[in-house]
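Listing of input.pdb, PDB, C-alpha atoms
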MODEL        1
ATOM      1  CA  MET A 747     -13.783 -12.469 -10.451  1.00  0.00           C
ATOM      2  CA  LYS A 748     -17.108 -11.284 -11.822  1.00  0.00           C
ATOM      3  CA  ASN A 749     -16.012  -7.936 -13.181  1.00  0.00           C
ATOM      4  CA  SER A 750     -12.501  -6.896 -14.209  1.00  0.00           C
ATOM      5  CA  LYS A 751     -13.427  -3.211 -13.867  1.00  0.00           C
ATOM      6  CA  ILE A 752     -13.498  -3.023 -10.077  1.00  0.00           C
ATOM      7  CA  SER A 753     -13.678   0.524  -8.739  1.00  0.00           C
ATOM      8  CA  ASN A 754     -10.775   1.981  -6.778  1.00  0.00           C
ATOM      9  CA  ALA A 755     -13.155   2.591  -3.872  1.00  0.00           C
ATOM     10  CA  VAL A 756     -13.773  -1.162  -3.562  1.00  0.00           C
ATOM     11  CA  ILE A 757     -10.064  -1.994  -3.839  1.00  0.00           C
ATOM     12  CA  ASN A 758      -9.228   0.628  -1.206  1.00  0.00           C
ATOM     13  CA  ARG A 759     -11.657  -0.991   1.249  1.00  0.00           C
ATOM     14  CA  LEU A 760     -10.132  -4.470   0.939  1.00  0.00           C
ATOM     15  CA  PRO A 761      -7.026  -3.745   3.068  1.00  0.00           C
ATOM     16  CA  ARG A 762      -9.337  -2.477   5.830  1.00  0.00           C
ATOM     17  CA  TYR A 763     -11.335  -5.724   5.679  1.00  0.00           C
ATOM     18  CA  ARG A 764      -8.070  -7.625   5.872  1.00  0.00           C
ATOM     19  CA  ARG A 765      -6.834  -5.728   8.940  1.00  0.00           C
ATOM     20  CA  TYR A 766     -10.024  -6.485  10.840  1.00  0.00           C
ATOM     21  CA  LEU A 767      -9.924 -10.138   9.796  1.00  0.00           C
ATOM     22  CA  ILE A 768      -6.386 -10.419  11.183  1.00  0.00           C
ATOM     23  CA  GLU A 769      -7.617  -9.029  14.507  1.00  0.00           C
ATOM     24  CA  LEU A 770     -10.457 -11.577  14.501  1.00  0.00           C
ATOM     25  CA  GLN A 771      -7.951 -14.366  13.832  1.00  0.00           C
ATOM     26  CA  LYS A 772      -5.883 -13.244  16.823  1.00  0.00           C
ATOM     27  CA  LYS A 773      -9.011 -13.488  18.982  1.00  0.00           C
ATOM     28  CA  GLY A 774      -9.753 -16.986  17.734  1.00  0.00           C
ATOM     29  CA  VAL A 775     -12.937 -16.031  15.858  1.00  0.00           C
ATOM     30  CA  GLU A 776     -13.676 -18.608  13.150  1.00  0.00           C
ATOM     31  CA  LYS A 777     -16.735 -17.156  11.395  1.00  0.00           C
ATOM     32  CA  ILE A 778     -18.541 -13.840  11.134  1.00  0.00           C
ATOM     33  CA  SER A 779     -21.751 -12.652   9.473  1.00  0.00           C
ATOM     34  CA  SER A 780     -21.906  -9.564   7.277  1.00  0.00           C
ATOM     35  CA  LYS A 781     -24.036  -7.910   9.992  1.00  0.00           C
ATOM     36  CA  GLU A 782     -21.439  -8.621  12.678  1.00  0.00           C
ATOM     37  CA  PHE A 783     -18.645  -7.489  10.360  1.00  0.00           C
ATOM     38  CA  SER A 784     -20.620  -4.326   9.644  1.00  0.00           C
ATOM     39  CA  GLU A 785     -20.920  -3.481  13.349  1.00  0.00           C
ATOM     40  CA  LEU A 786     -17.186  -4.058  13.759  1.00  0.00           C
ATOM     41  CA  ILE A 787     -15.815  -2.239  10.734  1.00  0.00           C
ATOM     42  CA  GLY A 788     -18.323   0.593  10.254  1.00  0.00           C
ATOM     43  CA  TYR A 789     -19.501  -0.166   6.702  1.00  0.00           C
ATOM     44  CA  THR A 790     -23.045  -1.377   6.057  1.00  0.00           C
ATOM     45  CA  ALA A 791     -23.645  -5.112   5.699  1.00  0.00           C
ATOM     46  CA  SER A 792     -24.961  -4.430   2.198  1.00  0.00           C
ATOM     47  CA  GLN A 793     -21.741  -2.579   1.273  1.00  0.00           C
ATOM     48  CA  ILE A 794     -19.597  -5.450   2.513  1.00  0.00           C
ATOM     49  CA  ARG A 795     -21.604  -8.024   0.562  1.00  0.00           C
ATOM     50  CA  GLN A 796     -21.534  -5.895  -2.604  1.00  0.00           C
ATOM     51  CA  ASP A 797     -17.765  -5.397  -2.339  1.00  0.00           C
ATOM     52  CA  LEU A 798     -17.054  -9.098  -1.867  1.00  0.00           C
ATOM     53  CA  ASN A 799     -19.553 -10.134  -4.548  1.00  0.00           C
ATOM     54  CA  ASN A 800     -17.322  -8.369  -7.076  1.00  0.00           C
ATOM     55  CA  PHE A 801     -14.862 -11.211  -6.514  1.00  0.00           C
ATOM     56  CA  GLY A 802     -17.273 -14.104  -6.062  1.00  0.00           C
ATOM     57  CA  GLY A 803     -18.822 -13.525  -2.652  1.00  0.00           C
ATOM     58  CA  PHE A 804     -17.124 -16.148  -0.430  1.00  0.00           C
ATOM     59  CA  GLY A 805     -19.967 -16.236   2.142  1.00  0.00           C
ATOM     60  CA  GLN A 806     -22.545 -18.957   2.829  1.00  0.00           C
ATOM     61  CA  GLN A 807     -26.249 -18.404   3.486  1.00  0.00           C
ATOM     62  CA  GLY A 808     -26.940 -18.931   7.187  1.00  0.00           C
ATOM     63  CA  TYR A 809     -23.246 -19.297   8.034  1.00  0.00           C
ATOM     64  CA  GLY A 810     -21.564 -16.032   7.095  1.00  0.00           C
ATOM     65  CA  TYR A 811     -17.875 -15.824   6.287  1.00  0.00           C
ATOM     66  CA  SER A 812     -15.035 -18.052   7.381  1.00  0.00           C
ATOM     67  CA  VAL A 813     -12.528 -15.613   8.889  1.00  0.00           C
ATOM     68  CA  ASP A 814      -9.496 -17.641   7.748  1.00  0.00           C
ATOM     69  CA  GLY A 815     -11.022 -18.323   4.347  1.00  0.00           C
ATOM     70  CA  LEU A 816     -12.013 -14.722   3.668  1.00  0.00           C
ATOM     71  CA  LYS A 817      -8.624 -13.419   4.780  1.00  0.00           C
ATOM     72  CA  SER A 818      -6.909 -15.877   2.400  1.00  0.00           C
ATOM     73  CA  GLU A 819      -9.201 -14.840  -0.462  1.00  0.00           C
ATOM     74  CA  ILE A 820      -8.480 -11.144   0.111  1.00  0.00           C
ATOM     75  CA  ASP A 821      -4.743 -11.909   0.279  1.00  0.00           C
ATOM     76  CA  ALA A 822      -5.021 -13.545  -3.144  1.00  0.00           C
ATOM     77  CA  ILE A 823      -7.101 -10.676  -4.586  1.00  0.00           C
ATOM     78  CA  LEU A 824      -4.575  -8.091  -3.376  1.00  0.00           C
ATOM     79  CA  GLY A 825      -1.663 -10.231  -4.547  1.00  0.00           C
ATOM     80  CA  LEU A 826      -0.354 -10.726  -1.021  1.00  0.00           C
ATOM     81  CA  ASP A 827       0.142 -14.446  -1.560  1.00  0.00           C
ATOM     82  CA  LYS A 828       3.568 -13.708  -3.085  1.00  0.00           C
ATOM     83  CA  GLU A 829       6.689 -11.703  -2.184  1.00  0.00           C
ATOM     84  CA  TYR A 830       7.530  -8.271  -3.588  1.00  0.00           C
ATOM     85  CA  ARG A 831      11.067  -6.907  -3.635  1.00  0.00           C
ATOM     86  CA  MET A 832      11.412  -3.175  -2.985  1.00  0.00           C
ATOM     87  CA  VAL A 833      14.008  -0.424  -3.198  1.00  0.00           C
ATOM     88  CA  ILE A 834      13.756   2.967  -1.526  1.00  0.00           C
ATOM     89  CA  ILE A 835      15.208   6.043  -3.191  1.00  0.00           C
ATOM     90  CA  GLY A 836      15.968   8.867  -0.786  1.00  0.00           C
ATOM     91  CA  ALA A 837      17.509   8.340   2.659  1.00  0.00           C
ATOM     92  CA  GLY A 838      16.520  11.624   4.296  1.00  0.00           C
ATOM     93  CA  ASN A 839      14.014  11.933   7.115  1.00  0.00           C
ATOM     94  CA  LEU A 840      11.086  10.736   4.992  1.00  0.00           C
ATOM     95  CA  GLY A 841      13.075   7.912   3.445  1.00  0.00           C
ATOM     96  CA  HIS A 842      14.247   6.824   6.886  1.00  0.00           C
ATOM     97  CA  ALA A 843      10.672   6.729   8.200  1.00  0.00           C
ATOM     98  CA  ILE A 844       9.330   4.866   5.156  1.00  0.00           C
ATOM     99  CA  THR A 845      12.202   2.354   5.268  1.00  0.00           C
ATOM    100  CA  LYS A 846      11.512   1.630   8.932  1.00  0.00           C
ATOM    101  CA  TYR A 847       7.802   1.246   8.195  1.00  0.00           C
ATOM    102  CA  ALA A 848       8.327  -0.920   5.092  1.00  0.00           C
ATOM    103  CA  LYS A 849      10.676  -3.263   6.972  1.00  0.00           C
ATOM    104  CA  SER A 850       8.006  -3.744   9.632  1.00  0.00           C
ATOM    105  CA  ILE A 851       5.477  -5.029   7.076  1.00  0.00           C
ATOM    106  CA  THR A 852       5.458  -8.804   7.211  1.00  0.00           C
ATOM    107  CA  ALA A 853       2.954  -9.502   4.412  1.00  0.00           C
ATOM    108  CA  GLY A 854       5.218 -10.272   1.477  1.00  0.00           C
ATOM    109  CA  PHE A 855       7.196  -7.030   1.070  1.00  0.00           C
ATOM    110  CA  LYS A 856      10.987  -7.075   1.359  1.00  0.00           C
ATOM    111  CA  VAL A 857      13.198  -3.976   1.325  1.00  0.00           C
ATOM    112  CA  CYS A 858      16.271  -4.984  -0.688  1.00  0.00           C
ATOM    113  CA  GLY A 859      18.128  -1.683  -0.903  1.00  0.00           C
ATOM    114  CA  VAL A 860      18.195   2.038  -0.136  1.00  0.00           C
ATOM    115  CA  PHE A 861      19.672   4.569  -2.575  1.00  0.00           C
ATOM    116  CA  GLU A 862      20.757   8.175  -2.158  1.00  0.00           C
ATOM    117  CA  LYS A 863      22.460  10.969  -4.129  1.00  0.00           C
ATOM    118  CA  ASN A 864      23.966  12.711  -1.099  1.00  0.00           C
ATOM    119  CA  GLU A 865      27.552  11.469  -0.860  1.00  0.00           C
ATOM    120  CA  LYS A 866      27.597  12.098   2.900  1.00  0.00           C
ATOM    121  CA  LEU A 867      24.924   9.434   3.367  1.00  0.00           C
ATOM    122  CA  ILE A 868      26.272   6.865   0.893  1.00  0.00           C
ATOM    123  CA  GLY A 869      27.955   4.031   2.767  1.00  0.00           C
ATOM    124  CA  THR A 870      26.218   4.771   6.064  1.00  0.00           C
ATOM    125  CA  LYS A 871      23.607   2.453   7.564  1.00  0.00           C
ATOM    126  CA  LEU A 872      19.840   2.826   7.544  1.00  0.00           C
ATOM    127  CA  GLU A 873      17.838   0.194   9.421  1.00  0.00           C
ATOM    128  CA  GLY A 874      20.794  -2.173   9.155  1.00  0.00           C
ATOM    129  CA  MET A 875      21.253  -1.686   5.402  1.00  0.00           C
ATOM    130  CA  GLU A 876      24.125   0.128   3.728  1.00  0.00           C
ATOM    131  CA  ILE A 877      22.919   3.122   1.728  1.00  0.00           C
ATOM    132  CA  MET A 878      24.009   2.763  -1.898  1.00  0.00           C
ATOM    133  CA  SER A 879      24.761   5.338  -4.571  1.00  0.00           C
ATOM    134  CA  TYR A 880      21.828   6.353  -6.719  1.00  0.00           C
ATOM    135  CA  GLU A 881      24.070   5.975  -9.770  1.00  0.00           C
ATOM    136  CA  GLY A 882      23.782   2.195  -9.467  1.00  0.00           C
ATOM    137  CA  ILE A 883      19.977   2.018  -9.207  1.00  0.00           C
ATOM    138  CA  VAL A 884      19.274   0.721 -12.743  1.00  0.00           C
ATOM    139  CA  GLU A 885      21.797  -2.117 -12.543  1.00  0.00           C
ATOM    140  CA  PHE A 886      20.566  -3.109  -9.061  1.00  0.00           C
ATOM    141  CA  VAL A 887      16.885  -3.175 -10.062  1.00  0.00           C
ATOM    142  CA  GLU A 888      17.670  -5.301 -13.118  1.00  0.00           C
ATOM    143  CA  LYS A 889      20.015  -7.707 -11.321  1.00  0.00           C
ATOM    144  CA  GLU A 890      17.917  -8.164  -8.174  1.00  0.00           C
ATOM    145  CA  LYS A 891      14.595  -8.349 -10.067  1.00  0.00           C
ATOM    146  CA  ILE A 892      13.050  -5.549  -8.000  1.00  0.00           C
ATOM    147  CA  ASP A 893       9.273  -5.170  -8.238  1.00  0.00           C
ATOM    148  CA  ILE A 894       8.559  -1.876  -6.423  1.00  0.00           C
ATOM    149  CA  GLY A 895      10.386   1.435  -6.255  1.00  0.00           C
ATOM    150  CA  VAL A 896       9.565   3.776  -3.366  1.00  0.00           C
ATOM    151  CA  ILE A 897      10.296   7.420  -4.200  1.00  0.00           C
ATOM    152  CA  CYS A 898      11.187   9.565  -1.157  1.00  0.00           C
ATOM    153  CA  VAL A 899      13.066  12.398  -2.864  1.00  0.00           C
ATOM    154  CA  ASN A 900      12.224  16.062  -3.353  1.00  0.00           C
ATOM    155  CA  GLY A 901       9.851  17.106  -6.093  1.00  0.00           C
ATOM    156  CA  ASP A 902      12.549  18.305  -8.491  1.00  0.00           C
ATOM    157  CA  SER A 903      14.084  14.834  -8.726  1.00  0.00           C
ATOM    158  CA  ALA A 904      10.966  12.657  -8.565  1.00  0.00           C
ATOM    159  CA  GLN A 905      10.234  12.342 -12.296  1.00  0.00           C
ATOM    160  CA  GLU A 906      13.871  11.579 -13.108  1.00  0.00           C
ATOM    161  CA  VAL A 907      13.872   8.817 -10.464  1.00  0.00           C
ATOM    162  CA  ALA A 908      10.600   7.414 -11.828  1.00  0.00           C
ATOM    163  CA  ASP A 909      11.991   7.402 -15.378  1.00  0.00           C
ATOM    164  CA  LYS A 910      15.081   5.472 -14.276  1.00  0.00           C
ATOM    165  CA  LEU A 911      13.020   2.947 -12.365  1.00  0.00           C
ATOM    166  CA  CYS A 912      10.705   2.394 -15.325  1.00  0.00           C
ATOM    167  CA  PHE A 913      13.679   2.026 -17.666  1.00  0.00           C
ATOM    168  CA  ALA A 914      15.100  -0.616 -15.312  1.00  0.00           C
ATOM    169  CA  GLY A 915      11.895  -2.665 -15.521  1.00  0.00           C
ATOM    170  CA  ILE A 916      10.133  -1.813 -12.271  1.00  0.00           C
ATOM    171  CA  LYS A 917       6.543  -3.050 -12.002  1.00  0.00           C
ATOM    172  CA  GLY A 918       5.163  -0.534  -9.505  1.00  0.00           C
ATOM    173  CA  ILE A 919       6.030   2.809  -7.924  1.00  0.00           C
ATOM    174  CA  TRP A 920       5.000   4.092  -4.496  1.00  0.00           C
ATOM    175  CA  ASN A 921       5.489   7.854  -4.746  1.00  0.00           C
ATOM    176  CA  PHE A 922       5.932  10.006  -1.635  1.00  0.00           C
ATOM    177  CA  ALA A 923       7.348  13.043  -3.457  1.00  0.00           C
ATOM    178  CA  ARG A 924       5.180  16.137  -3.243  1.00  0.00           C
ATOM    179  CA  VAL A 925       4.563  16.207  -6.997  1.00  0.00           C
ATOM    180  CA  ASP A 926       2.587  14.130  -9.449  1.00  0.00           C
ATOM    181  CA  ILE A 927       4.689  11.908 -11.688  1.00  0.00           C
ATOM    182  CA  GLU A 928       3.988  10.098 -14.947  1.00  0.00           C
ATOM    183  CA  VAL A 929       4.731   6.444 -15.670  1.00  0.00           C
ATOM    184  CA  PRO A 930       4.074   4.159 -18.657  1.00  0.00           C
ATOM    185  CA  PRO A 931       0.776   2.218 -18.728  1.00  0.00           C
ATOM    186  CA  HIS A 932       2.494  -1.045 -17.769  1.00  0.00           C
ATOM    187  CA  VAL A 933       3.790   0.401 -14.470  1.00  0.00           C
ATOM    188  CA  ALA A 934       1.391   0.657 -11.517  1.00  0.00           C
ATOM    189  CA  LEU A 935       1.515   3.923  -9.560  1.00  0.00           C
ATOM    190  CA  GLU A 936       0.310   4.907  -6.097  1.00  0.00           C
ATOM    191  CA  SER A 937       1.024   8.436  -4.895  1.00  0.00           C
ATOM    192  CA  MET A 938       0.859   9.353  -1.217  1.00  0.00           C
ATOM    193  CA  GLN A 939       0.267  13.087  -1.058  1.00  0.00           C
ATOM    194  CA  LEU A 940       0.316  13.546   2.708  1.00  0.00           C
ATOM    195  CA  SER A 941      -0.589  17.232   2.476  1.00  0.00           C
ATOM    196  CA  ASP A 942      -3.751  16.306   0.537  1.00  0.00           C
ATOM    197  CA  ASN A 943      -4.825  14.022   3.399  1.00  0.00           C
ATOM    198  CA  LEU A 944      -4.100  16.739   5.948  1.00  0.00           C
ATOM    199  CA  HIS A 945      -6.121  19.288   3.973  1.00  0.00           C
ATOM    200  CA  ALA A 946      -9.007  16.823   3.700  1.00  0.00           C
ATOM    201  CA  LEU A 947      -8.849  16.345   7.483  1.00  0.00           C
ATOM    202  CA  ALA A 948      -9.094  20.113   7.952  1.00  0.00           C
ATOM    203  CA  TYR A 949     -12.176  20.179   5.714  1.00  0.00           C
ATOM    204  CA  HIS A 950     -13.912  17.394   7.650  1.00  0.00           C
ATOM    205  CA  MET A 951     -13.102  19.042  10.984  1.00  0.00           C
ATOM    206  CA  ASN A 952     -14.636  22.321   9.835  1.00  0.00           C
ATOM    207  CA  ASP A 953     -17.607  20.548   8.261  1.00  0.00           C
ATOM    208  CA  ILE A 954     -18.355  18.843  11.587  1.00  0.00           C
ATOM    209  CA  ARG A 955     -18.079  22.172  13.400  1.00  0.00           C
ATOM    210  CA  LYS A 956     -20.545  23.831  11.003  1.00  0.00           C
ATOM    211  CA  LYS A 957     -23.127  21.092  11.634  1.00  0.00           C
ATOM    212  CA  ARG A 958     -23.123  21.577  15.411  1.00  0.00           C
TER     213      ARG A 958
ENDMDL
END

What would the structure in this file look like if it were written as structure tokens?
Amino acid sequence: MKNSKISNAVINRLPRYRRYLIELQKKGVEKISSKEFSELIGYTASQIRQDLNNFGGFGQQGYGYSVDGLKSEIDAILGLDKEYRMVIIGAGNLGHAITKYAKSITAGFKVCGVFEKNEKLIGTKLEGMEIMSYEGIVEFVEKEKIDIGVICVNGDSAQEVADKLCFAGIKGIWNFARVDIEVPPHVALESMQLSDNLHALAYHMNDIRKKR
């Protein structure tokens, strides 16, 4: 890697590159130029080359990129060449949807448990897994060597859940609560504020309308 200070914008584009490479693999495509990739994905060829050059480039002059090779390199950059063990906290509607989605991901993520405070839900099944009591979350994370905690609780409880997960030794948190949370520097955090995305969509829709 040329530069350890890679911008979030570059990192956020890598999963998109990966998705398109998987589609190319399914079609039996073995190599692709930056120009062809640009026409497919919507970024400029220059942008693609600049992004990949942050990690060494991987292309060959006059040949382009090996689809299999580039996909493997991006897997390694994103850390998808290993397995991550996850727990989901909150078994309501959002937690149910995220659990179903997370279990459908085949690239190295394994849902190992679902936890809930509501006693009516504890002991019932969610996507084939028995919902466990939130009171046992710290012991479970420590014993099962869980890497990622997925927070799907209401805003009032989110920070408390994050604190418990961090205390238990979690390495990363995927936060779906509608509040910002704080974690120690050694814990990675990604927050999915769905309302923010919806508001941004409204802005872009109105911006397009104004330009007509």

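Counting all atoms listed in the file and comparing A:Gly854, A:Glu876, A:Gly882, A:Gly841, the residue that lies closest to Ile897 (chain A) is A:Gly841.
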
List the neighbours of region 862-874 of chain A out to 8 Å using only C-alpha atoms; skip same-chain residues closer than 3 positions along the sequence, and give me the result as a PyMOL selection string.
-> chain A and resi 835-837+842+845-846+877-881

Please measure the separation of CA of Val833 (chain A) and CA of Met938 (chain A), giving the value in Å to one decimal.
->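 So the answer is 16.5 Å.
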
To one decimal in Å, tell me the separation between CA of Leu826 (chain A) and CA of Ala843 (chain A).
-> 22.6 Å

One decimal, Å: what's the distance from CA of Val884 (chain A) over to CA of Lys910 (chain A), could you say?
->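 Separation between CA of Val884 (chain A) and CA of Lys910 (chain A): 6.5 Å.
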
Which residues, written as a list in words, have at least one atom at most 10 Å from Ala791 (chain A), with only C-alpha atoms counted and residues fewer than 5 positions away on the same chain left out?
->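 Answer for this query is Ser779, Ser780, Lys781, Glu782, Phe783, Ser784, Glu785, Gln796 and Asp797 of chain A.
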
Nearest to Ser812 (chain A), restricted to all atoms listed in the file and choosing among A:Gln771, A:Asn800, A:Thr790, A:Asn754, comes out as A:Gln771

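Between Glu829 (chain A) and the residues A:Phe855, A:Tyr847, A:Tyr949, A:Tyr811, the shortest atom-to-atom distance, using only C-alpha atoms, involves A:Phe855.
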
Region 929-934 of chain A surroundings by only C-alpha atoms, 8 Å radius, close-in-sequence under 5 positions cut, as a list in words =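 Near neighbours after the sequence-gap exclusion: Ala908, Asp909, Cys912, Ile916, Lys917, Gly918 and Ile919 of chain A.
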
Distance query Ser818 (chain A) at most 12 Å, all atoms listed in the file, self and fewer than 2 positions along chain excluded, as a PyMOL selection string | chain A and resi 760+763-764+767-768+771+804+811-816+820-827+853

Write out as a list in words which residues come within 8 Å of Ala923 (chain A) when counting only C-alpha atoms, dropping same-chain ones fewer than 3 positions away.
->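 Using only C-alpha atoms, the neighbours found are Ile897, Cys898, Val899, Asn900, Gly901, Ala904, Asp926, Ser937, Met938 and Gln939 of chain A.
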